[in-house]
Amino acid sequence: MYILDCLHDGLIEDQIIAKCDGDSQLVEIWIDFLAENCWIIKDSANKRWVLTDKGKQQMISYYYQT
């Protein structure tokens, strides 16, 4: 959920990798997972990952579990 949250905050991959102690493999695996599950898509205009409605719903479900 951390990487999804970082993407939601507008961070780019390099910034997330820096926050994860330089572990690019970890970040790439999670971004692949998020994209494969349609939680994020790449915005072709600005080359950033953007949360889909499904991804936003997952964040809401995670942070507001009852």
# chains A, B, ... in the order shown; residues from 1 in each chain; ligands from 1
call {"tool": "residues_around", "arguments": {"residues": "segment 21-29 of chain A", "least_positions_apart": "4", "cutoff": "12 Å", "atoms": "only C-alpha atoms", "output": "JSON, numbers by chain"}}
result
{"A": [1, 2, 3, 4, 6, 7, 12, 13, 14, 15, 16, 17, 33, 34, 35, 36]}
call {"tool": "write_last_selection", "arguments": {"atoms": "N, CA and C atoms", "output": "JSON list (two decimals), in the first residue's frame"}}
result
[["chain", "number", "residue", "atom", "x", "y", "z"],
["A", 1, "MET", "N", 0.82, -1.19, 0.00],
["A", 1, "MET", "CA", 0.00, 0.00, 0.00],
["A", 1, "MET", "C", 0.87, 1.27, 0.00],
["A", 2, "TYR", "N", 2.08, 1.14, 0.54],
["A", 2, "TYR", "CA", 2.96, 2.30, 0.63],
["A", 2, "TYR", "C", 3.28, 2.87, -0.76],
["A", 3, "ILE", "N", 3.60, 2.01, -1.70],
["A", 3, "ILE", "CA", 3.96, 2.48, -3.04],
["A", 3, "ILE", "C", 2.74, 3.07, -3.74],
["A", 4, "LEU", "N", 1.59, 2.48, -3.56],
["A", 4, "LEU", "CA", 0.36, 3.03, -4.13],
["A", 4, "LEU", "C", 0.11, 4.42, -3.55],
["A", 6, "CYS", "N", 2.39, 6.48, -2.34],
["A", 6, "CYS", "CA", 3.40, 7.39, -2.89],
["A", 6, "CYS", "C", 3.01, 7.86, -4.30],
["A", 7, "LEU", "N", 2.53, 6.93, -5.11],
["A", 7, "LEU", "CA", 2.10, 7.29, -6.47],
["A", 7, "LEU", "C", 0.91, 8.25, -6.40],
["A", 12, "ILE", "N", 7.41, 10.19, -8.35],
["A", 12, "ILE", "CA", 7.82, 9.39, -9.50],
["A", 12, "ILE", "C", 8.63, 8.19, -8.99],
["A", 13, "GLU", "N", 8.87, 7.24, -9.87],
["A", 13, "GLU", "CA", 9.54, 6.00, -9.48],
["A", 13, "GLU", "C", 10.88, 6.25, -8.78],
["A", 14, "ASP", "N", 11.69, 7.15, -9.32],
["A", 14, "ASP", "CA", 13.00, 7.42, -8.72],
["A", 14, "ASP", "C", 12.87, 7.93, -7.29],
["A", 15, "GLN", "N", 11.87, 8.74, -7.02],
["A", 15, "GLN", "CA", 11.66, 9.25, -5.68],
["A", 15, "GLN", "C", 11.24, 8.14, -4.73],
["A", 16, "ILE", "N", 10.41, 7.24, -5.22],
["A", 16, "ILE", "CA", 9.96, 6.12, -4.39],
["A", 16, "ILE", "C", 11.14, 5.19, -4.10],
["A", 17, "ILE", "N", 11.96, 4.94, -5.12],
["A", 17, "ILE", "CA", 13.15, 4.09, -4.93],
["A", 17, "ILE", "C", 14.05, 4.69, -3.86],
["A", 33, "PHE", "N", 2.99, -5.13, -10.20],
["A", 33, "PHE", "CA", 1.82, -5.74, -9.58],
["A", 33, "PHE", "C", 0.62, -4.80, -9.63],
["A", 34, "LEU", "N", 0.84, -3.54, -9.27],
["A", 34, "LEU", "CA", -0.25, -2.56, -9.25],
["A", 34, "LEU", "C", -0.81, -2.34, -10.66],
["A", 35, "ALA", "N", 0.07, -2.27, -11.65],
["A", 35, "ALA", "CA", -0.37, -2.07, -13.03],
["A", 35, "ALA", "C", -1.10, -3.30, -13.55],
["A", 36, "GLU", "N", -0.59, -4.48, -13.23],
["A", 36, "GLU", "CA", -1.21, -5.73, -13.69],
["A", 36, "GLU", "C", -2.61, -5.90, -13.11]]
call {"tool": "residues_around", "arguments": {"residues": "Gln58 of chain A", "least_positions_apart": "2", "cutoff": "12 Å", "atoms": "only C-alpha atoms", "output": "list in words"}}
result
Met1, Leu4, Asp5, His8, Leu34, Asn37, Cys38, Trp39, Ile40, Leu51, Thr52, Asp53, Lys54, Gly55, Lys56, Ile60, Ser61, Tyr62, Tyr63, Tyr64 and Gln65 of chain A
call {"tool": "atom_distance", "arguments": {"atom1": "atom CA of Asp9 of chain A", "atom2": "atom CA of Met59 of chain A"}}
result
12.1 Å
call {"tool": "select_by_dssp", "arguments": {"residues": "chain A", "states": "alpha helix (DSSP H)", "output": "PyMOL selection string"}}
result
chain A and resi 2-8+13-19+24-36+53-63
call {"tool": "select_by_dssp", "arguments": {"residues": "segment 1-44 of chain A", "states": "strand (DSSP E or B)", "output": "list in words"}}
result
Ile40, Ile41, Lys42 and Asp43 of chain A
call {"tool": "write_last_selection", "arguments": {"atoms": "N, CA, C and O atoms", "output": "PDB file, in the first residue's frame"}}
result
ATOM      1  N   ILE A  40      -3.194   1.072 -11.228  1.00  0.00           N
ATOM      2  CA  ILE A  40      -2.528   2.258 -11.754  1.00  0.00           C
ATOM      3  C   ILE A  40      -2.392   2.116 -13.268  1.00  0.00           C
ATOM      4  O   ILE A  40      -2.412   1.013 -13.799  1.00  0.00           O
ATOM      5  N   ILE A  41      -2.302   3.269 -13.925  1.00  0.00           N
ATOM      6  CA  ILE A  41      -2.024   3.301 -15.364  1.00  0.00           C
ATOM      7  C   ILE A  41      -0.994   4.412 -15.604  1.00  0.00           C
ATOM      8  O   ILE A  41      -0.896   5.355 -14.819  1.00  0.00           O
ATOM      9  N   LYS A  42      -0.254   4.287 -16.678  1.00  0.00           N
ATOM     10  CA  LYS A  42       0.751   5.297 -17.024  1.00  0.00           C
ATOM     11  C   LYS A  42       0.080   6.406 -17.830  1.00  0.00           C
ATOM     12  O   LYS A  42      -0.543   6.141 -18.859  1.00  0.00           O
ATOM     13  N   ASP A  43       0.172   7.625 -17.346  1.00  0.00           N
ATOM     14  CA  ASP A  43      -0.371   8.782 -18.054  1.00  0.00           C
ATOM     15  C   ASP A  43       0.600   9.132 -19.178  1.00  0.00           C
ATOM     16  O   ASP A  43       1.748   9.506 -18.922  1.00  0.00           O
TER      17      ASP A  43
END
